[in-house]
Every structure is written in C-alpha cells, then in structure tokens.
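K.L.:
Got a structure for you, questions after.
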Amino acid sequence: MTSADDVEARVDFAGIQAPSSREAGYAVALKCLQVQADAEARDPLLRTAQRVVLHEDAWPWYAGALGEIEVGEMLKALGPEWFVRHSVPIGTGTKDVDHLVIGPGGVFAINTKHHRDASIWVGDYVLRVNNANTPHLKIAQSDTRDVARRLATKVGFPVPATSVIAVLNANSIVDRRAPDNRPVSVVDAKRLTAWLVAKPRQLNDTKLALIKLAAEEPETWHIDPRAADTLRVMQRFDRLAAQVATPSAPTRSPRRIRATPRRAPARNTERHRKLHRTTQSAAKDRGYTARTLLTTQTTCDTYPVSERIFMADKRKLVTSPVFDSYWRLAHERQLIFHARSRGLPGPWTDNPILSAYRFTNAYRAADRVSQRLIDVVYSGSQEPEDLFFRALLFRIFNKTTTWDALENALGEVSWSEFNFGVASKTLHQLMAVGERVYSAAYIMPSPAFGAERKHDNHLLLLEWMMKHDLPATVQGASSLKDVYEILRSVPSFGPFLAFQMTIDLNYSSLIDFDENDFVVAGPGALSGIKKCFVDAGGLGPEDVIRWMCDTQRSHFSRLGLPFQNLYGRDLKLIDCQNLFCETDKYARVAHPDAAGIGNRTKIKQHYDDSTPTPARRLSFPPKWNLGLTGEPEAPNVLADESSEDSRAQQRRARHHQAA
C-alpha cells in the first residue's frame with residue numbers, strides 16, 4: 001500500500017520543482033518582485049494605475065533578470081546535443097547558477113553579468129568594472145566547484161566543470177591573465193554560443209548522457225520550494241516590465257551585486273532611460289519571449305490602417321486585421337468540421353485558402369489524431385498505469401499507423417504486458433520498409449538514454465516514467481498546472497510538449513480538470529499573437545489567450561458569425577491557443593505582410609476537399625457530457641440564424657443534399 005510519505009517523495013522527485021521547470025532569470029526576477037513589493041508597501045506612490053516606478057533597490061535585480069533572459073535566449077541557438085537549464089539551485093536559500101550548459105565540450109556553469117557600456121578588466125584574482133573591484137571571479141569559481149561536486153556525487157566519477165562569466169553589453173573587456181591560467185572564462189555574451197561550440201570534446205557519449213540525466217534529477221540540487229511557481233513568477237515579472245516607468249539609478253548597491261558594478265554609478269536618469277529602451281529594443285529584435293513580444297510598445301508599419309482597439313481590465317489592446325481573420329477562420333473551419341462529420345460531400349467551403357491548404361479543426365479534440373487518441377484511452381484497461389502508458393505511447397509517435405502496427409504486434413496494449421523487445425522490433429521493421437514512425441505534427445527530441453535509435457530511446461523514456469511512478473503522481477495532482485509541471489520534469493519534454501501531453505491525459509479518466517484552468521502558448525501561438533496584436537497592452541501570451549476565450553461570443557456576434565460550437569461546448573484555452581497557431585499559418589497567405597516570429601511565408605500542406613467523406617462517429621471524453629449517441633448530430637449555433645453567413649451555409653447544405 002502506498003503511504004502519504006511515498007506519494008510526497010514521488011511528487012518531489014517527479015519534479016514539479018525540477019531544474020527543467022525554471023525559466024532563465026527566474027531567481028533574479030523573484031528577488032526583484034520581492035524587493036519592489038516591499039518598497040511599494042512603504043511608498044504606495046511607486047505604483048499607479050498607469051505605471052510603476054522601480055525602486056532603486058529593485059533596479060539591479062530588474063536589469064539582472066533582463067540580462068539572464070537575454071543570455072537564455074542566446075543559448076537556444078545551441079544544437080539538440082546540448083543540455084541547457086536555467087536558474088539551477090545550489091547550496092542553501094535561493095543561491096543558483098544562472099545557466100547550466102552540458103554538451104560535447106563539457107560542463108559549463110555560466111553566470112550572467114549585465115554591465116552596459118562598462119569597461120571590464122580581468123586580472124588573476126579580481127574582475128574590475130569601471131575600476132571597481134567585484135567578487136565575480138570568486139563567486140563564479142565557488143559555484144562551479146559546487147556544480148562539479150554535486151554531479152560527480154550523483155554519477156560516481158569526476159566531472160570537470162568550466163566556470164564562465166558571460167558579460168552583456170560591456171564597452172570593452174580586457175583580460176590580463178595568461179591564456180593557460182584562466183580558471184574562470186570571461187566571455188562577451190554575444191560570442192558565448194560560438195565559444196561553447198568551439199570547445200574541444202571532453203566527454204564520451206556515455207558519460208555525457210549520464211551527466212545530463214544526473215543534472216535533470218531534482219535531488220542532485222538544493223530545491224527552492226518556490227520553484228514550483230516559476231511560471232507565475234515570470235508572468236508577474238512580465239507585468240512589472242510592461243508597467244515599469246523610467247527607473248531611478250540606484251544610489252547605493254546591495255551587498256550582493258547581480259547585474260551592476262559594486263560601486264553604484266552616479267545618478268544619471270538619461271543613462272537609465274537609454275538602458276531600459278535599448279534592452280527592450282534588443283529583446284524585441286530577437287523576438288524571444290512573450291514578455292518582449294507583448295510588453296513592448298510595438299508598432300507594425302506593414303499592417304493596414306484598419307486597426308481596432310479593445311479594452312481588457314483597463315488595458316488598451318490594439319489589434320491588426322489579422323485579429324478578425326482569427327475569428328473568421330474559427331467559424332469557417334468549424335462549418336467544415338460539421339459538414340464533414342455529417343457526411344456532406346465537398347466542397348465544404350467557399351474560402352479559397354481553406355480549400356487549398358490543410359488546417360486543424362477549431363477544437364483540438366476534434367482533430368483526427370486526437371479522436372483516435374480518445375478512442376485509445378477509453379479502450380482497454382482503465383487502471384491509472386495503463387491509461388497513462390497508452391496515452392503517452394500513442395502521443396509520442398502521434399501516428400495512427402504506428403499505433404496500429406504496435407497493436408497488431410502486441411495485442412491489447414497495457415503496461416503490465418508490454419514487451420519492449422517486440423515494440424522495438426516492430427518499429428525497426430516499419431522503418432526498414434520506408435515507413436515513418438513519427439508524425440510531423442510535433443518535434444519529438446530524442447532523450448539521452450543511450451540507445452542508437454530515437455524510437456528505442458523513447459521506449460526507454462516511457463519505462464523511466466513508469467518506474468518512477470508518474471501515473472500515480474499525475475493522478476494525485478491538484479490542478480492542470482501541477483500535471484504540466486510534473487511532465488515538464490520528464491527528460492526531453494519542453495514546455496510545449498509537456499502542455500500538449502497534459503491535455504491528452506486530461507481527456508482520459510485519469511484526471512479531470514477544466515481545460516480553462518491553465519494554458520501554455522507554443523511557438524506558433526506566439527507568432528499568431530504577434531500578427532493579431534499591434535499592441536497587447538502589456539498582457540502576457542497566456543493572458544491574451546484567456547481574454548480571447550472569455551470574449552469569444554462577443555467577437556463572433558460583432559462580426560455576424562453564427563459560430564457552431566462543439567455540441568454546446570465553447571472554445572477552451574487549448575483551442576484558442578491552437579487557433580493562434582493556425583491563424584499564424586493562415587495569415588501567410590491572407591495577410592502576407594503581417595510580421596510574426598520566424599521567416600515562414602508559405603503553407604506546406606495542400607488539401608483536396610473533393611474526396612467524398614462518409615459521416616463519422618465522433619469520440620469525445622464522456623465526462624464532457626456532449627450528448628453524442630454515436631450518430632452525427634446537428635451543430636449548436638450560437639449566433640443569430642438569420643444572419644447572412646447562416647443563410648449561405650443553409651444554401652450550401654441544400655445544394656449538397658440535392659446533389
């Protein structure tokens with residue numbers, strides 16, 4: 001029988017607080033928020049409805065957080081063979097290493113120092129900023145020794161670690177040390193990724209894989225309990241960054257400096273105004289995070305003049321013409337779904353873009369592969385282990401033909417009867433005849449479990465999850481976000497993939513949370529948001545998605561669109577998130593001048609709507625109570641049936657029936 005202590009231990013291990021759950025700048029952002037909150041409690045005039053004046057004590061932490069976020073984005077340029085984690089906790093309290101990087105060139109403990117326009121001088125024992133001594137070298141060496149010791153204790157062999165200080169935006173860096181006597185490498189942050197890649201290989205593949213696994217284990221590090229709130233902390237920091245006014249230069253420096261010289265510069269309002277503007281501008285150019293995308297006052301000259309302004313909690317949201325296309329796409333794509341599900345012959349739309357290219361359904365659960373997944377989780381054993389195992393096994397490959405092959409070879413798929421040897425052989429045979437075993441819908445990075453083939457590593461990853469009792473941990477979660485944090489701790493699962501798997505598990509009877517409880521914006525959604533909003537009024541991407549979800553009926557009504565929902569079920573957060581992805585794609589043709597994130601200008605997948613489609617049985621979680629009986633049902637129309645769009649749809653339906 002499982003004790004409460006065992007469950008607690010598994011939750012801690014499964015790592016709601018694992019290093020993988022932390023975003024770059026987390027620890028410094030948390031400190032900034034705490035210092036600013038204390039200052040506002042003493043001086044309420046620091047915060048008004050329109051802006052926040054950053055207190056001088058909070059300013060170093062604020063600049064430090066922006067610096068760590070910027071370096072974190074730079075590290076994304078490293079290839080898939082590199083392991084990168086941020087704000088890795090060590091020692092006691094909230095002490096951490098800004099960035100831990102593990103790759104062919106070894107283990108690197110990186111500390112970020114944000115010294116704009118400063119002159120950096122490095123000697124054997126001290127690093128000077130504008131001729132002021134700092135403890136940077138000493139602290140960096142101490143942190144790196146701690147990292148090496150903790151990893152070596154875990155893996156059972158010595159782990160060489162390199163101490164690195166990445167300096168952001170310095171005017172000059174002069175290193176007077178002998179080239180062969182630099183225990184701490186001081187690197188211009190702009191050259192950091194190139195410097196890391198150029199390092200000669202130090203570790204063989206086996207040791208590298210073991211060190212990466214050890215670094216992902218929460219028990220390797222001291223864990224700050226507040227790490228479980230990393231997403232919330234970063235969202236709060238986003239809101240602060242959006243509201244912050246020109247901060248005053250600090251008149252004194254805190255005892256431990258994170259992002260400014262030890263000797264505080266003289267008050268120079270213009271200098272700090274320039275720093276804030278330049279930091280935000282640089283971030284916008286890189287387009288790296290939602291805080292840059294949505295908290296900066298962004299203008300887009302390529303959009304036509306026809307912009308709309310909406311208010312959300314006293315925030316002014318300025319939308320582009322792509323915004324209305326979002327709702328039209330949702331409406332028309334749902335019309336197609338209902339026509340196809342009822343077996344009406346094509347063409348199902350007059351929209352030339354939807355007729356020519358593939359787009360997912362407005363509702364994620366209505367997509368073909370998600371429909372099959374729902375069938376999979378409700379077929380067979382409903383024991384927690386089997387539900388978890390089937391859902392994850394199906395979605396990792398995300399391909400119905402792969403699942404069919406595995407089911408044919410293994411019979412009914414369950415954890416207790418699963419034969420990894422047979423599964424591996426089956427996948428090898430599929431590949432040998434030229435079949436793809438993975439869908440192209442998700443990028444599934446290969447976990448480092450030592451196997452030669454990617455699919456074998458994924459089978460080993462599943463075994464790892466089951467042996468560490470993740471099904472029970474997930475079942476005991478108290479919220480959808482907790483499930484996400486648990487899956488985020490799984491090796492190779494990034495934020496987007498962990499969130500998608502969370503939604504998959506929520507289809508099953510293993511857990512039952514409202515899909516409107518929590519959302520994570522994926523890369524495609526971020527690009528779609530940028531195209532839809534000229535200025536999001538400081539809202540973070542998850543807040544934008546929630547606003548879309550909350551106001552959906554008013555927008556369909558405003559545009560005269562009789563949106564036919566999913567048998568009484570409105571769009572949920574996951575659906576609105578997916579629609580931003582599809583809008584990003586749709587706008588490449590409908591609004592080619594709309595600037596998103598990345599350089600994609602074409603839609604790859606074409607579509608033929610002339611193929612007859614029989615009416616199909618729909619599968620949705622029974623707990624949704626949609627009232628489906630197995631027969632295709634008429635849709636539920638939310639808007640006025642007398643509208644022009646509704647009449648056009650009825651004409652199309654009569655035409656199809658007559659044909």
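Chains: A, B, ... in order of the structure tokens. Residues: from 1 per chain. Ligands: from 1, in order shown.
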Under the rule of at most 12 Å, produce a per-residue listing of range 318-356 of chain A near range 519-529 of chain A: chain, number, name, the closest pair of atoms, and the distance in Å, as JSON lines, using only C-alpha atoms.
P.N.:
```
{"residue": "A:Val318", "atom": "CA", "partner": "A:Ile529", "partner_atom": "CA", "distance": 11.6}
{"residue": "A:Thr319", "atom": "CA", "partner": "A:Ile529", "partner_atom": "CA", "distance": 9.6}
{"residue": "A:Ser320", "atom": "CA", "partner": "A:Ile529", "partner_atom": "CA", "distance": 10.2}
{"residue": "A:Val322", "atom": "CA", "partner": "A:Gly528", "partner_atom": "CA", "distance": 8.7}
{"residue": "A:Phe323", "atom": "CA", "partner": "A:Ile529", "partner_atom": "CA", "distance": 8.6}
{"residue": "A:Ser325", "atom": "CA", "partner": "A:Gly528", "partner_atom": "CA", "distance": 10.9}
{"residue": "A:Tyr326", "atom": "CA", "partner": "A:Gly528", "partner_atom": "CA", "distance": 9.0}
```
K.L.:
Let's have the selection written as a compact mmCIF listing (two decimals), in the first residue's frame, with N, CA and C atoms.
P.N.:
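Saved as part19.txt:
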```txt
# COMPACT_ATOMS: atom_id res chain seq x y z
N VAL A 318 -4.59 46.89 -29.04
CA VAL A 318 -4.69 47.36 -30.42
C VAL A 318 -4.48 46.16 -31.33
N THR A 319 -5.49 45.85 -32.13
CA THR A 319 -5.43 44.66 -32.97
C THR A 319 -5.20 45.04 -34.43
N SER A 320 -4.66 44.11 -35.17
CA SER A 320 -4.46 44.27 -36.61
C SER A 320 -5.61 43.58 -37.35
N VAL A 322 -5.49 40.95 -38.90
CA VAL A 322 -5.36 39.51 -38.71
C VAL A 322 -6.26 39.04 -37.56
N PHE A 323 -6.52 39.93 -36.61
CA PHE A 323 -7.35 39.58 -35.46
C PHE A 323 -8.74 39.11 -35.89
N SER A 325 -9.46 37.93 -38.78
CA SER A 325 -9.27 36.68 -39.53
C SER A 325 -9.23 35.48 -38.59
N TYR A 326 -8.74 35.69 -37.38
CA TYR A 326 -8.72 34.62 -36.36
C TYR A 326 -10.13 34.08 -36.15
```
K.L.:
DSSP on the backbone: what in range 299-461 of chain A comes out strand (DSSP E), as a PyMOL selection string?
P.N.:
chain A and resi 308-312+315-319
K.L.:
Keeping all heavy atoms, export the residues of the selection given above as an mmCIF file, in the first residue's frame.
P.N.:
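Produced file out_30.cif, reproduced below:
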```cif
data_model
loop_
_atom_site.group_PDB
_atom_site.id
_atom_site.type_symbol
_atom_site.label_atom_id
_atom_site.label_comp_id
_atom_site.auth_asym_id
_atom_site.auth_seq_id
_atom_site.Cartn_x
_atom_site.Cartn_y
_atom_site.Cartn_z
ATOM 1 N N ARG A 308 -8.252 47.902 -34.693
ATOM 2 C CA ARG A 308 -9.326 48.021 -33.726
ATOM 3 C C ARG A 308 -8.736 48.122 -32.326
ATOM 4 O O ARG A 308 -7.664 47.587 -32.061
ATOM 5 C CB ARG A 308 -10.268 46.815 -33.790
ATOM 6 C CG ARG A 308 -10.979 46.640 -35.126
ATOM 7 C CD ARG A 308 -11.916 45.443 -35.070
ATOM 8 N NE ARG A 308 -12.526 45.176 -36.357
ATOM 9 C CZ ARG A 308 -13.639 45.745 -36.794
ATOM 10 N NH1 ARG A 308 -14.253 46.630 -36.019
ATOM 11 N NH2 ARG A 308 -14.137 45.451 -37.973
ATOM 12 N N ILE A 309 -9.438 48.803 -31.447
ATOM 13 C CA ILE A 309 -8.984 48.954 -30.065
ATOM 14 C C ILE A 309 -10.019 48.321 -29.138
ATOM 15 O O ILE A 309 -11.214 48.595 -29.251
ATOM 16 C CB ILE A 309 -8.766 50.433 -29.693
ATOM 17 C CG1 ILE A 309 -7.647 51.032 -30.553
ATOM 18 C CG2 ILE A 309 -8.437 50.572 -28.214
ATOM 19 C CD1 ILE A 309 -7.426 52.516 -30.314
ATOM 20 N N PHE A 310 -9.559 47.453 -28.255
ATOM 21 C CA PHE A 310 -10.414 46.829 -27.255
ATOM 22 C C PHE A 310 -9.814 47.113 -25.885
ATOM 23 O O PHE A 310 -8.614 47.370 -25.745
ATOM 24 C CB PHE A 310 -10.507 45.316 -27.477
ATOM 25 C CG PHE A 310 -11.095 44.925 -28.802
ATOM 26 C CD1 PHE A 310 -10.274 44.699 -29.904
ATOM 27 C CD2 PHE A 310 -12.456 44.781 -28.952
ATOM 28 C CE1 PHE A 310 -10.802 44.338 -31.127
ATOM 29 C CE2 PHE A 310 -13.005 44.420 -30.175
ATOM 30 C CZ PHE A 310 -12.181 44.203 -31.265
ATOM 31 N N MET A 311 -10.646 47.028 -24.870
ATOM 32 C CA MET A 311 -10.172 47.231 -23.504
ATOM 33 C C MET A 311 -10.266 45.915 -22.748
ATOM 34 O O MET A 311 -11.251 45.183 -22.857
ATOM 35 C CB MET A 311 -11.007 48.296 -22.785
ATOM 36 C CG MET A 311 -10.951 49.670 -23.426
ATOM 37 S SD MET A 311 -9.262 50.351 -23.529
ATOM 38 C CE MET A 311 -8.861 50.525 -21.780
ATOM 39 N N ALA A 312 -9.224 45.605 -21.996
ATOM 40 C CA ALA A 312 -9.197 44.398 -21.165
ATOM 41 C C ALA A 312 -8.627 44.781 -19.809
ATOM 42 O O ALA A 312 -7.419 45.030 -19.693
ATOM 43 C CB ALA A 312 -8.350 43.311 -21.817
ATOM 44 N N ARG A 315 -6.697 47.851 -19.769
ATOM 45 C CA ARG A 315 -5.572 47.833 -20.713
ATOM 46 C C ARG A 315 -6.114 48.014 -22.126
ATOM 47 O O ARG A 315 -7.137 47.430 -22.495
ATOM 48 C CB ARG A 315 -4.794 46.513 -20.634
ATOM 49 C CG ARG A 315 -4.131 46.259 -19.289
ATOM 50 C CD ARG A 315 -3.588 44.839 -19.244
ATOM 51 N NE ARG A 315 -3.041 44.492 -17.950
ATOM 52 C CZ ARG A 315 -1.762 44.546 -17.635
ATOM 53 N NH1 ARG A 315 -0.884 44.943 -18.534
ATOM 54 N NH2 ARG A 315 -1.345 44.195 -16.441
ATOM 55 N N LYS A 316 -5.409 48.774 -22.918
ATOM 56 C CA LYS A 316 -5.830 49.025 -24.291
ATOM 57 C C LYS A 316 -5.136 48.038 -25.221
ATOM 58 O O LYS A 316 -3.909 48.003 -25.302
ATOM 59 C CB LYS A 316 -5.495 50.464 -24.702
ATOM 60 C CG LYS A 316 -6.000 50.816 -26.095
ATOM 61 C CD LYS A 316 -5.877 52.305 -26.371
ATOM 62 C CE LYS A 316 -4.430 52.729 -26.516
ATOM 63 N NZ LYS A 316 -4.320 54.142 -26.942
ATOM 64 N N LEU A 317 -5.926 47.226 -25.906
ATOM 65 C CA LEU A 317 -5.396 46.254 -26.850
ATOM 66 C C LEU A 317 -5.644 46.765 -28.266
ATOM 67 O O LEU A 317 -6.788 47.048 -28.640
ATOM 68 C CB LEU A 317 -6.073 44.893 -26.676
ATOM 69 C CG LEU A 317 -6.157 44.336 -25.248
ATOM 70 C CD1 LEU A 317 -6.802 42.955 -25.268
ATOM 71 C CD2 LEU A 317 -4.784 44.271 -24.623
ATOM 72 N N VAL A 318 -4.592 46.888 -29.037
ATOM 73 C CA VAL A 318 -4.694 47.358 -30.418
ATOM 74 C C VAL A 318 -4.485 46.158 -31.328
ATOM 75 O O VAL A 318 -3.432 45.512 -31.296
ATOM 76 C CB VAL A 318 -3.648 48.449 -30.721
ATOM 77 C CG1 VAL A 318 -3.832 48.973 -32.141
ATOM 78 C CG2 VAL A 318 -3.750 49.584 -29.702
ATOM 79 N N THR A 319 -5.485 45.848 -32.125
ATOM 80 C CA THR A 319 -5.428 44.661 -32.973
ATOM 81 C C THR A 319 -5.204 45.039 -34.433
ATOM 82 O O THR A 319 -5.557 46.135 -34.872
ATOM 83 C CB THR A 319 -6.721 43.838 -32.863
ATOM 84 O OG1 THR A 319 -7.815 44.604 -33.387
ATOM 85 C CG2 THR A 319 -7.003 43.477 -31.412
#
```
K.L.:
Find the spatial neighbours of range 463-472 of chain A, counting only C-alpha atoms, within a cut-off of 10 Å - ignore same-chain residues fewer than 3 positions away - and output them as a VMD selection string.
P.N.:
chain A and resid 2 7 10 to 11 13 to 14 383 to 389 392 415 420 449 457 to 460 475 to 477 483 486 to 487 490 to 491 505 510
K.L.:
Write a file of the selected residues as a PDB file, in the first residue's frame, keeping N, CA and C atoms.
P.N.:
```
ATOM      1  N   THR A   2       0.507   2.242  -0.753  1.00  0.00           N
ATOM      2  CA  THR A   2       1.305   3.462  -0.874  1.00  0.00           C
ATOM      3  C   THR A   2       1.013   4.404   0.275  1.00  0.00           C
ATOM      4  N   VAL A   7       4.031   9.111  -1.599  1.00  0.00           N
ATOM      5  CA  VAL A   7       3.454   9.997  -2.619  1.00  0.00           C
ATOM      6  C   VAL A   7       4.172  11.326  -2.619  1.00  0.00           C
ATOM      7  N   ARG A  10       7.471  11.031  -4.269  1.00  0.00           N
ATOM      8  CA  ARG A  10       7.384  10.929  -5.722  1.00  0.00           C
ATOM      9  C   ARG A  10       7.071  12.274  -6.354  1.00  0.00           C
ATOM     10  N   VAL A  11       6.201  13.020  -5.703  1.00  0.00           N
ATOM     11  CA  VAL A  11       5.887  14.351  -6.233  1.00  0.00           C
ATOM     12  C   VAL A  11       7.142  15.203  -6.271  1.00  0.00           C
ATOM     13  N   PHE A  13      10.188  14.085  -6.431  1.00  0.00           N
ATOM     14  CA  PHE A  13      11.099  13.573  -7.459  1.00  0.00           C
ATOM     15  C   PHE A  13      10.597  13.929  -8.840  1.00  0.00           C
ATOM     16  N   ALA A  14       9.302  13.685  -9.068  1.00  0.00           N
ATOM     17  CA  ALA A  14       8.769  13.931 -10.396  1.00  0.00           C
ATOM     18  C   ALA A  14       8.936  15.360 -10.783  1.00  0.00           C
ATOM     19  N   GLU A 383      -7.121   1.177 -15.583  1.00  0.00           N
ATOM     20  CA  GLU A 383      -6.218   1.353 -14.455  1.00  0.00           C
ATOM     21  C   GLU A 383      -5.301   2.547 -14.727  1.00  0.00           C
ATOM     22  N   PRO A 384      -4.954   3.329 -13.685  1.00  0.00           N
ATOM     23  CA  PRO A 384      -4.137   4.537 -13.897  1.00  0.00           C
ATOM     24  C   PRO A 384      -2.850   4.281 -14.689  1.00  0.00           C
ATOM     25  N   GLU A 385      -2.149   3.194 -14.365  1.00  0.00           N
ATOM     26  CA  GLU A 385      -0.889   2.910 -15.076  1.00  0.00           C
ATOM     27  C   GLU A 385      -1.135   2.686 -16.559  1.00  0.00           C
ATOM     28  N   ASP A 386      -2.201   1.932 -16.889  1.00  0.00           N
ATOM     29  CA  ASP A 386      -2.482   1.631 -18.291  1.00  0.00           C
ATOM     30  C   ASP A 386      -2.956   2.866 -19.050  1.00  0.00           C
ATOM     31  N   LEU A 387      -3.791   3.693 -18.415  1.00  0.00           N
ATOM     32  CA  LEU A 387      -4.246   4.924 -19.061  1.00  0.00           C
ATOM     33  C   LEU A 387      -3.068   5.833 -19.394  1.00  0.00           C
ATOM     34  N   PHE A 388      -2.221   6.058 -18.413  1.00  0.00           N
ATOM     35  CA  PHE A 388      -1.050   6.915 -18.609  1.00  0.00           C
ATOM     36  C   PHE A 388      -0.158   6.346 -19.710  1.00  0.00           C
ATOM     37  N   PHE A 389       0.111   5.041 -19.631  1.00  0.00           N
ATOM     38  CA  PHE A 389       1.033   4.413 -20.575  1.00  0.00           C
ATOM     39  C   PHE A 389       0.502   4.478 -22.000  1.00  0.00           C
ATOM     40  N   LEU A 392       0.573   8.195 -23.392  1.00  0.00           N
ATOM     41  CA  LEU A 392       1.922   8.694 -23.708  1.00  0.00           C
ATOM     42  C   LEU A 392       2.543   7.941 -24.869  1.00  0.00           C
ATOM     43  N   TRP A 415       0.560  -1.634 -19.648  1.00  0.00           N
ATOM     44  CA  TRP A 415       1.893  -1.528 -19.067  1.00  0.00           C
ATOM     45  C   TRP A 415       2.377  -2.880 -18.543  1.00  0.00           C
ATOM     46  N   PHE A 420       8.861  -4.636 -24.576  1.00  0.00           N
ATOM     47  CA  PHE A 420       9.650  -3.598 -25.229  1.00  0.00           C
ATOM     48  C   PHE A 420      10.453  -4.152 -26.404  1.00  0.00           C
ATOM     49  N   PHE A 449      19.082   8.231 -23.475  1.00  0.00           N
ATOM     50  CA  PHE A 449      19.092   7.002 -22.687  1.00  0.00           C
ATOM     51  C   PHE A 449      20.074   5.978 -23.243  1.00  0.00           C
ATOM     52  N   ASN A 457      15.051   5.044 -27.666  1.00  0.00           N
ATOM     53  CA  ASN A 457      15.216   5.968 -26.543  1.00  0.00           C
ATOM     54  C   ASN A 457      13.864   6.402 -25.986  1.00  0.00           C
ATOM     55  N   HIS A 458      12.878   6.548 -26.861  1.00  0.00           N
ATOM     56  CA  HIS A 458      11.557   6.933 -26.379  1.00  0.00           C
ATOM     57  C   HIS A 458      10.881   5.784 -25.629  1.00  0.00           C
ATOM     58  N   LEU A 459      11.107   4.549 -26.055  1.00  0.00           N
ATOM     59  CA  LEU A 459      10.579   3.423 -25.289  1.00  0.00           C
ATOM     60  C   LEU A 459      11.232   3.366 -23.909  1.00  0.00           C
ATOM     61  N   LEU A 460      12.534   3.635 -23.862  1.00  0.00           N
ATOM     62  CA  LEU A 460      13.230   3.674 -22.574  1.00  0.00           C
ATOM     63  C   LEU A 460      12.733   4.835 -21.710  1.00  0.00           C
ATOM     64  N   GLN A 475      -2.019  11.392 -11.162  1.00  0.00           N
ATOM     65  CA  GLN A 475      -3.361  11.197 -10.628  1.00  0.00           C
ATOM     66  C   GLN A 475      -3.564  11.980  -9.334  1.00  0.00           C
ATOM     67  N   GLY A 476      -2.493  12.161  -8.562  1.00  0.00           N
ATOM     68  CA  GLY A 476      -2.597  12.896  -7.312  1.00  0.00           C
ATOM     69  C   GLY A 476      -2.431  14.398  -7.448  1.00  0.00           C
ATOM     70  N   ALA A 477      -2.251  14.885  -8.668  1.00  0.00           N
ATOM     71  CA  ALA A 477      -2.058  16.322  -8.871  1.00  0.00           C
ATOM     72  C   ALA A 477      -3.330  17.085  -8.511  1.00  0.00           C
ATOM     73  N   VAL A 483      -0.033  19.025 -13.175  1.00  0.00           N
ATOM     74  CA  VAL A 483       0.247  17.946 -14.130  1.00  0.00           C
ATOM     75  C   VAL A 483       1.299  18.405 -15.132  1.00  0.00           C
ATOM     76  N   ILE A 486       4.725  18.420 -13.597  1.00  0.00           N
ATOM     77  CA  ILE A 486       5.240  17.057 -13.467  1.00  0.00           C
ATOM     78  C   ILE A 486       5.805  16.580 -14.806  1.00  0.00           C
ATOM     79  N   LEU A 487       5.055  16.754 -15.876  1.00  0.00           N
ATOM     80  CA  LEU A 487       5.524  16.310 -17.194  1.00  0.00           C
ATOM     81  C   LEU A 487       6.678  17.165 -17.690  1.00  0.00           C
ATOM     82  N   VAL A 490      10.057  15.676 -17.089  1.00  0.00           N
ATOM     83  CA  VAL A 490      10.469  14.479 -17.824  1.00  0.00           C
ATOM     84  C   VAL A 490      11.597  14.841 -18.791  1.00  0.00           C
ATOM     85  N   PRO A 491      12.676  14.075 -18.825  1.00  0.00           N
ATOM     86  CA  PRO A 491      13.778  14.385 -19.749  1.00  0.00           C
ATOM     87  C   PRO A 491      13.288  14.515 -21.187  1.00  0.00           C
ATOM     88  N   LEU A 505      -3.694  13.671 -21.389  1.00  0.00           N
ATOM     89  CA  LEU A 505      -4.049  12.920 -20.180  1.00  0.00           C
ATOM     90  C   LEU A 505      -5.380  13.395 -19.607  1.00  0.00           C
ATOM     91  N   LEU A 510      -8.090   9.447 -16.005  1.00  0.00           N
ATOM     92  CA  LEU A 510      -7.023   9.519 -15.002  1.00  0.00           C
ATOM     93  C   LEU A 510      -7.122  10.803 -14.187  1.00  0.00           C
TER      94      LEU A 510
END
```
K.L.:
Could you check which of A:Glu582, A:Asp38, A:Asp124, A:Asp205 is closest to Trp82 in chain A, using only C-alpha atoms?
P.N.:
A:Asp205
K.L.:
Could you check the closest approach to Asp98 in chain A for each of A:Leu335, A:Ala161, A:Ala24, A:Leu75 and tell me which residue wins, using only C-alpha atoms?
P.N.:
A:Ala24
K.L.:
In Å, with one decimal, what is the gap from CA of Gly105 in chain A to CA of Asn204 in chain A?
P.N.:
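Interatomic distance, CA of Gly105 in chain A to CA of Asn204 in chain A: 10.0 Å.
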K.L.:
So that I can check the surroundings of Arg239 in chain A, please list as a PyMOL selection string every protein, DNA and RNA residue that reaches within 7 Å of it, counting only C-alpha atoms and ignoring chain neighbours fewer than 3 positions away.
P.N.:
chain A and resi 235-236+242-243+538-539
K.L.:
So which residues touch Phe83 in chain A within 9 Å, counting only C-alpha atoms, skipping near sequence neighbours fewer than 5 positions away, as a ChimeraX atom specification?
P.N.:
/A:78,100-103,212
